[in-house]
Amino acid sequence: AQSVTQLGSHVSVSEGALVLLRCNYSSSVPPYLFWYVQYPNQGLQLLLKYTTGATLVKGINGFEAEFKKSETSFHLTKPSAHMSDAAEYFCAVSLLLSKLTFGTGTRLQVTL
Amino acid sequence: DTEVTQTPKHLVMGMTNKKSLKCEQHMGHRAMYWYKQKAKKPPELMFVYSYEKLSINESVPSRFSPECPNSSLLNLHLHALQPEDSALYLCASSHGGGKDEQYFGPGTRLTVT
């Protein structure tokens with residue numbers, strides 16, 4: 001069975017600081033991995049995805065993530081946080097039949 | 001056009017009402033999804049339609065009835081709901097290739113009184 005664990009339900013960073021949101025997955029076969037962002041009272045927006053090939057994936061809004069098979073991780077980073085990055089972030093894994101399994105989410109707070 | 005639209009944006013209904021949620025996409029996607037999201041929780045998959053056929057039903061109560069009239073439209077018919085069904089209902093679509101990314105609509109905020 002596939003699963004995703006997001007460490008830290010709430011992360012707070014200062015504006016301009018590094019953002020690091022952690023995601024570990026469990027899968028018996030190579031997974032497809034995604035990061036989504038959800039702003040209050042909105043749907044989910046795809047930030048980036050890993051399918052195959054290059055393990056460092058660049059997404060929208062300056063975010064990137066690195067697939068590390070040895071660590072079963074897919075952590076999301078951004079070099080410099082902006083106030084507009086405050087939102088809920090979900091890591092998700094897909095193995096088959098277009099079925100996404102989401103992590104529990106991490107709320108990112110950005111302070112001045 | 002990379003947009004998934006959902007109507008209505010908000011819906012309040014009594015437990016004896018019948019209502020429908022609508023979802024539309026014009027990206028040529030062949031898979032469409034319904035999710036339920038409670039506050040501070042991740043989305044929970046309810047139904048998947050692939051090439052206009054129901055392919056996944058995650059043991060959803062029969063008071064929720066999905067319908068896919070064509071490849072661009074997805075409906076969710078609601079009847080005799082309970083207050084605990086109050087949630088954000090999200091529609092999504094994807095190319096239908098099996099593990100591809102899903103594009104989400106803005107959701108319908110449903111309140112059952």
# chains A, B, ... in the order shown; residues from 1 in each chain; ligands from 1

call {"tool": "select_by_dssp", "arguments": {"residues": "chain A", "states": "helix (DSSP H, G or I)", "output": "PDB file with N, CA and C atoms, in the first residue's frame"}}
result
ATOM      1  N   ILE A  60       6.349  25.850  -9.751  1.00  0.00           N
ATOM      2  CA  ILE A  60       5.943  27.236  -9.857  1.00  0.00           C
ATOM      3  C   ILE A  60       6.280  28.010  -8.587  1.00  0.00           C
ATOM      4  N   ASN A  61       6.275  29.324  -8.687  1.00  0.00           N
ATOM      5  CA  ASN A  61       6.472  30.210  -7.528  1.00  0.00           C
ATOM      6  C   ASN A  61       7.808  30.000  -6.831  1.00  0.00           C
ATOM      7  N   GLY A  62       8.819  29.504  -7.534  1.00  0.00           N
ATOM      8  CA  GLY A  62      10.153  29.357  -6.965  1.00  0.00           C
ATOM      9  C   GLY A  62      10.369  28.126  -6.113  1.00  0.00           C
ATOM     10  N   MET A  83       5.495  36.464   1.869  1.00  0.00           N
ATOM     11  CA  MET A  83       4.229  36.460   2.620  1.00  0.00           C
ATOM     12  C   MET A  83       3.138  35.711   1.871  1.00  0.00           C
ATOM     13  N   SER A  84       3.165  35.815   0.552  1.00  0.00           N
ATOM     14  CA  SER A  84       2.129  35.166  -0.258  1.00  0.00           C
ATOM     15  C   SER A  84       2.250  33.647  -0.271  1.00  0.00           C
ATOM     16  N   ASP A  85       3.327  33.101   0.301  1.00  0.00           N
ATOM     17  CA  ASP A  85       3.491  31.642   0.348  1.00  0.00           C
ATOM     18  C   ASP A  85       2.698  31.004   1.492  1.00  0.00           C
TER      19      ASP A  85
END

call {"tool": "residues_around", "arguments": {"residues": "Gly14 (chain B)", "least_positions_apart": "5", "cutoff": "10 Å", "atoms": "only C-alpha atoms", "output": "list in words"}}
result
Lys19, His79, Ala80, Leu81, Gln82, Pro83, Thr111, Val112 and Thr113 of chain B

call {"tool": "interface_residues", "arguments": {"of": "chain A", "to": "chain B", "cutoff": "9 Å", "atoms": "only C-alpha atoms", "output": "short mmCIF file (atom, residue, chain, number, x, y, z; two decimals) with all heavy atoms, in the first residue's frame"}}
result
data_model
loop_
_atom_site.label_atom_id
_atom_site.label_comp_id
_atom_site.auth_asym_id
_atom_site.auth_seq_id
_atom_site.Cartn_x
_atom_site.Cartn_y
_atom_site.Cartn_z
N PRO A 31 7.09 5.48 -7.25
CA PRO A 31 5.86 6.28 -7.23
C PRO A 31 5.95 7.51 -8.11
O PRO A 31 7.03 7.92 -8.52
CB PRO A 31 5.76 6.69 -5.77
CG PRO A 31 7.22 6.90 -5.40
CD PRO A 31 8.01 5.88 -6.18
N TYR A 32 4.80 8.08 -8.40
CA TYR A 32 4.76 9.44 -8.88
C TYR A 32 4.43 10.31 -7.66
O TYR A 32 3.56 9.97 -6.87
CB TYR A 32 3.67 9.61 -9.94
CG TYR A 32 4.01 9.09 -11.31
CD1 TYR A 32 5.07 8.20 -11.51
CD2 TYR A 32 3.28 9.47 -12.42
CE1 TYR A 32 5.38 7.71 -12.78
CE2 TYR A 32 3.58 9.00 -13.70
CZ TYR A 32 4.63 8.11 -13.86
OH TYR A 32 4.91 7.63 -15.11
N PHE A 34 3.78 14.31 -5.91
CA PHE A 34 3.27 15.65 -6.21
C PHE A 34 3.29 16.50 -4.94
O PHE A 34 3.16 16.00 -3.83
CB PHE A 34 1.81 15.56 -6.69
CG PHE A 34 1.59 14.62 -7.84
CD1 PHE A 34 1.37 13.27 -7.61
CD2 PHE A 34 1.61 15.08 -9.15
CE1 PHE A 34 1.17 12.39 -8.67
CE2 PHE A 34 1.40 14.21 -10.21
CZ PHE A 34 1.19 12.87 -9.97
N ASN A 41 -10.00 28.68 1.47
CA ASN A 41 -11.27 28.65 0.73
C ASN A 41 -11.07 28.50 -0.78
O ASN A 41 -11.88 29.01 -1.57
CB ASN A 41 -12.10 29.90 1.03
CG ASN A 41 -12.47 29.99 2.49
OD1 ASN A 41 -12.93 29.02 3.09
ND2 ASN A 41 -12.21 31.13 3.09
N GLN A 42 -10.01 27.82 -1.16
CA GLN A 42 -9.77 27.57 -2.58
C GLN A 42 -9.48 26.09 -2.81
O GLN A 42 -9.34 25.30 -1.87
CB GLN A 42 -8.58 28.41 -3.08
CG GLN A 42 -8.85 29.91 -3.06
CD GLN A 42 -7.74 30.69 -3.74
OE1 GLN A 42 -7.04 30.17 -4.61
NE2 GLN A 42 -7.57 31.94 -3.34
N GLY A 43 -9.41 25.73 -4.08
CA GLY A 43 -9.03 24.37 -4.43
C GLY A 43 -7.53 24.18 -4.34
O GLY A 43 -6.81 25.06 -3.89
N LEU A 44 -7.07 23.01 -4.78
CA LEU A 44 -5.65 22.71 -4.73
C LEU A 44 -4.98 23.08 -6.05
O LEU A 44 -5.54 22.83 -7.13
CB LEU A 44 -5.43 21.21 -4.47
CG LEU A 44 -5.52 20.75 -3.02
CD1 LEU A 44 -6.93 20.83 -2.50
CD2 LEU A 44 -4.97 19.34 -2.89
N GLN A 45 -3.78 23.63 -5.95
CA GLN A 45 -3.02 24.00 -7.14
C GLN A 45 -1.74 23.18 -7.17
O GLN A 45 -1.04 23.07 -6.15
CB GLN A 45 -2.68 25.50 -7.09
CG GLN A 45 -1.89 25.99 -8.30
CD GLN A 45 -1.54 27.46 -8.19
OE1 GLN A 45 -1.66 28.08 -7.14
NE2 GLN A 45 -1.10 28.03 -9.30
N LEU A 46 -1.45 22.60 -8.31
CA LEU A 46 -0.24 21.80 -8.46
C LEU A 46 0.99 22.68 -8.44
O LEU A 46 1.10 23.62 -9.22
CB LEU A 46 -0.29 21.01 -9.76
CG LEU A 46 0.91 20.11 -10.05
CD1 LEU A 46 0.96 18.94 -9.07
CD2 LEU A 46 0.85 19.60 -11.49
N LYS A 49 5.74 18.13 -9.78
CA LYS A 49 5.54 16.69 -9.77
C LYS A 49 6.84 15.99 -10.14
O LYS A 49 7.69 16.53 -10.84
CB LYS A 49 4.45 16.28 -10.76
CG LYS A 49 4.84 16.55 -12.22
CD LYS A 49 3.78 16.05 -13.17
CE LYS A 49 4.21 16.30 -14.62
NZ LYS A 49 3.19 15.81 -15.59
N THR A 51 7.95 12.30 -11.80
CA THR A 51 7.50 11.06 -12.43
C THR A 51 8.71 10.14 -12.61
O THR A 51 8.89 9.18 -11.89
CB THR A 51 6.79 11.34 -13.76
OG1 THR A 51 7.64 12.12 -14.61
CG2 THR A 51 5.51 12.11 -13.51
N GLU A 88 -1.68 26.09 2.93
CA GLU A 88 -1.58 24.68 3.31
C GLU A 88 -0.93 23.94 2.16
O GLU A 88 -1.29 24.14 1.00
CB GLU A 88 -2.98 24.11 3.58
CG GLU A 88 -2.99 22.72 4.17
CD GLU A 88 -2.81 22.71 5.68
OE1 GLU A 88 -3.07 23.74 6.31
OE2 GLU A 88 -2.42 21.65 6.21
N PHE A 90 0.22 20.19 0.57
CA PHE A 90 -0.03 18.74 0.62
C PHE A 90 0.94 18.02 -0.31
O PHE A 90 1.07 18.37 -1.48
CB PHE A 90 -1.45 18.42 0.17
CG PHE A 90 -2.53 18.89 1.09
CD1 PHE A 90 -3.23 20.06 0.82
CD2 PHE A 90 -2.85 18.17 2.24
CE1 PHE A 90 -4.23 20.50 1.68
CE2 PHE A 90 -3.85 18.61 3.10
CZ PHE A 90 -4.54 19.78 2.82
N VAL A 93 1.05 11.00 -3.33
CA VAL A 93 1.69 9.93 -4.09
C VAL A 93 0.62 9.24 -4.93
O VAL A 93 -0.52 9.09 -4.52
CB VAL A 93 2.40 8.93 -3.15
CG1 VAL A 93 1.40 8.28 -2.21
CG2 VAL A 93 3.16 7.89 -3.94
N SER A 94 1.03 8.83 -6.13
CA SER A 94 0.12 8.12 -7.01
C SER A 94 0.81 6.87 -7.54
O SER A 94 1.92 6.95 -8.06
CB SER A 94 -0.29 9.01 -8.19
OG SER A 94 -1.10 8.30 -9.10
N LEU A 95 0.14 5.74 -7.37
CA LEU A 95 0.73 4.51 -7.85
C LEU A 95 -0.05 3.92 -9.01
O LEU A 95 0.48 3.40 -9.96
CB LEU A 95 0.79 3.47 -6.73
CG LEU A 95 1.95 3.62 -5.74
CD1 LEU A 95 1.89 2.52 -4.70
CD2 LEU A 95 3.27 3.59 -6.46
N LEU A 96 -1.37 3.97 -8.92
CA LEU A 96 -2.16 3.32 -9.97
C LEU A 96 -3.54 3.91 -10.06
O LEU A 96 -4.02 4.54 -9.13
CB LEU A 96 -2.24 1.81 -9.69
CG LEU A 96 -2.71 1.40 -8.29
CD1 LEU A 96 -4.21 1.39 -8.16
CD2 LEU A 96 -2.16 0.04 -7.94
N LEU A 97 -4.11 3.73 -11.20
CA LEU A 97 -5.51 4.07 -11.45
C LEU A 97 -5.85 5.52 -11.10
O LEU A 97 -6.96 5.81 -10.68
CB LEU A 97 -6.44 3.13 -10.67
CG LEU A 97 -6.37 1.67 -11.09
CD1 LEU A 97 -7.26 0.82 -10.19
CD2 LEU A 97 -6.74 1.50 -12.54
N SER A 98 -4.89 6.41 -11.27
CA SER A 98 -5.13 7.83 -11.02
C SER A 98 -5.57 8.11 -9.60
O SER A 98 -6.25 9.10 -9.34
CB SER A 98 -6.19 8.37 -11.99
OG SER A 98 -5.79 8.21 -13.31
N LYS A 99 -5.21 7.27 -8.65
CA LYS A 99 -5.63 7.46 -7.27
C LYS A 99 -4.52 8.13 -6.49
O LYS A 99 -3.45 7.57 -6.28
CB LYS A 99 -5.97 6.11 -6.65
CG LYS A 99 -6.59 6.20 -5.28
CD LYS A 99 -7.09 4.84 -4.83
CE LYS A 99 -7.67 4.93 -3.43
NZ LYS A 99 -8.21 3.64 -2.99
N LEU A 100 -4.81 9.36 -6.07
CA LEU A 100 -3.85 10.12 -5.27
C LEU A 100 -4.06 9.83 -3.80
O LEU A 100 -5.18 9.83 -3.32
CB LEU A 100 -4.04 11.62 -5.50
CG LEU A 100 -3.41 12.27 -6.73
CD1 LEU A 100 -3.75 13.75 -6.75
CD2 LEU A 100 -1.92 12.07 -6.75
N THR A 101 -2.96 9.62 -3.09
CA THR A 101 -3.00 9.52 -1.64
C THR A 101 -2.29 10.74 -1.08
O THR A 101 -1.11 10.95 -1.36
CB THR A 101 -2.32 8.24 -1.15
OG1 THR A 101 -3.02 7.10 -1.67
CG2 THR A 101 -2.35 8.17 0.38
N PHE A 102 -3.01 11.53 -0.28
CA PHE A 102 -2.47 12.77 0.25
C PHE A 102 -1.88 12.58 1.63
O PHE A 102 -2.35 11.75 2.42
CB PHE A 102 -3.57 13.83 0.35
CG PHE A 102 -4.01 14.39 -0.97
CD1 PHE A 102 -5.08 13.84 -1.65
CD2 PHE A 102 -3.37 15.47 -1.54
CE1 PHE A 102 -5.51 14.34 -2.87
CE2 PHE A 102 -3.78 15.99 -2.76
CZ PHE A 102 -4.84 15.42 -3.42
N GLY A 103 -0.86 13.38 1.93
CA GLY A 103 -0.41 13.51 3.30
C GLY A 103 -1.39 14.37 4.08
O GLY A 103 -2.35 14.90 3.52
N THR A 104 -1.13 14.52 5.37
CA THR A 104 -2.06 15.25 6.24
C THR A 104 -1.95 16.76 6.10
O THR A 104 -2.77 17.47 6.64
CB THR A 104 -1.84 14.86 7.70
OG1 THR A 104 -0.46 14.99 8.00
CG2 THR A 104 -2.27 13.42 7.95
N GLY A 105 -0.92 17.21 5.38
CA GLY A 105 -0.80 18.63 5.12
C GLY A 105 0.10 19.35 6.11
O GLY A 105 0.25 18.94 7.27
#

call {"tool": "residues_around", "arguments": {"residues": "Leu110 (chain B)", "least_positions_apart": "6", "cutoff": "10 Å", "atoms": "only C-alpha atoms", "output": "compact mmCIF listing (two decimals) with N, CA and C atoms, in the first residue's frame"}}
result
# COMPACT_ATOMS: atom_id res chain seq x y z
N PRO B 8 -22.54 25.26 -7.48
CA PRO B 8 -22.34 26.64 -7.01
C PRO B 8 -21.08 26.73 -6.15
N LYS B 9 -20.74 27.93 -5.76
CA LYS B 9 -19.58 28.13 -4.89
C LYS B 9 -19.94 27.78 -3.45
N HIS B 10 -21.16 28.14 -3.07
CA HIS B 10 -21.66 27.83 -1.73
C HIS B 10 -23.04 27.21 -1.88
N LEU B 11 -23.36 26.29 -0.96
CA LEU B 11 -24.68 25.67 -0.98
C LEU B 11 -25.08 25.33 0.45
N VAL B 12 -26.28 25.78 0.81
CA VAL B 12 -26.87 25.42 2.10
C VAL B 12 -28.12 24.61 1.81
N MET B 13 -28.22 23.45 2.40
CA MET B 13 -29.39 22.60 2.15
C MET B 13 -29.84 21.90 3.41
N LEU B 21 -24.30 19.25 -7.38
CA LEU B 21 -23.08 20.00 -7.61
C LEU B 21 -22.62 19.72 -9.03
N PRO B 83 -25.83 16.37 8.67
CA PRO B 83 -24.96 17.53 9.00
C PRO B 83 -23.48 17.21 8.88
N ASP B 85 -22.06 15.70 6.66
CA ASP B 85 -21.66 15.78 5.25
C ASP B 85 -21.23 17.20 4.86
N SER B 86 -21.40 18.14 5.76
CA SER B 86 -20.94 19.50 5.48
C SER B 86 -19.43 19.49 5.28
N ALA B 87 -19.00 20.06 4.18
CA ALA B 87 -17.57 20.02 3.82
C ALA B 87 -17.35 20.83 2.55
N LEU B 88 -16.10 20.89 2.14
CA LEU B 88 -15.75 21.45 0.83
C LEU B 88 -15.67 20.28 -0.16
N TYR B 89 -16.44 20.36 -1.23
CA TYR B 89 -16.44 19.30 -2.23
C TYR B 89 -15.65 19.78 -3.44

call {"tool": "residues_around", "arguments": {"residues": "Leu48 (chain A)", "least_positions_apart": "6", "cutoff": "9 Å", "atoms": "only C-alpha atoms", "output": "PyMOL selection string"}}
result
chain A and resi 33-36+57-60+63-65

call {"tool": "write_last_selection", "arguments": {"atoms": "N, CA, C and O atoms", "output": "compact mmCIF listing (two decimals), in the first residue's frame"}}
result
# COMPACT_ATOMS: atom_id res chain seq x y z
N LEU A 33 5.12 11.43 -7.52
CA LEU A 33 4.97 12.27 -6.33
C LEU A 33 4.60 13.69 -6.73
O LEU A 33 5.08 14.20 -7.75
N PHE A 34 3.78 14.31 -5.91
CA PHE A 34 3.27 15.65 -6.21
C PHE A 34 3.29 16.50 -4.94
O PHE A 34 3.16 16.00 -3.83
N TRP A 35 3.41 17.81 -5.16
CA TRP A 35 3.14 18.79 -4.12
C TRP A 35 2.04 19.71 -4.64
O TRP A 35 2.13 20.23 -5.76
N TYR A 36 1.04 19.89 -3.76
CA TYR A 36 -0.05 20.81 -4.05
C TYR A 36 -0.09 21.88 -2.97
O TYR A 36 0.26 21.63 -1.81
N VAL A 57 13.27 18.56 -9.06
CA VAL A 57 12.14 19.04 -9.84
C VAL A 57 11.86 20.49 -9.48
O VAL A 57 11.76 20.83 -8.30
N LYS A 58 11.74 21.32 -10.48
CA LYS A 58 11.40 22.73 -10.25
C LYS A 58 9.92 22.96 -10.55
O LYS A 58 9.38 22.40 -11.52
N GLY A 59 9.30 23.76 -9.70
CA GLY A 59 7.88 24.03 -9.88
C GLY A 59 7.60 25.51 -10.01
O GLY A 59 8.49 26.31 -10.29
N ILE A 60 6.35 25.85 -9.75
CA ILE A 60 5.94 27.24 -9.86
C ILE A 60 6.28 28.01 -8.59
O ILE A 60 6.55 27.40 -7.54
N PHE A 63 9.40 27.23 -6.06
CA PHE A 63 9.53 26.01 -5.28
C PHE A 63 10.25 24.92 -6.07
O PHE A 63 10.16 24.88 -7.29
N GLU A 64 10.93 24.06 -5.35
CA GLU A 64 11.52 22.88 -5.95
C GLU A 64 11.52 21.74 -4.94
O GLU A 64 11.34 21.96 -3.74
N ALA A 65 11.68 20.53 -5.44
CA ALA A 65 11.70 19.35 -4.57
C ALA A 65 12.67 18.34 -5.14
O ALA A 65 12.88 18.28 -6.36

call {"tool": "select_by_dssp", "arguments": {"residues": "region 7-60 of chain B", "states": "strand (DSSP E)", "output": "ChimeraX atom specification"}}
result
/B:7,10-13,18-25,31-37,44-50,53-57
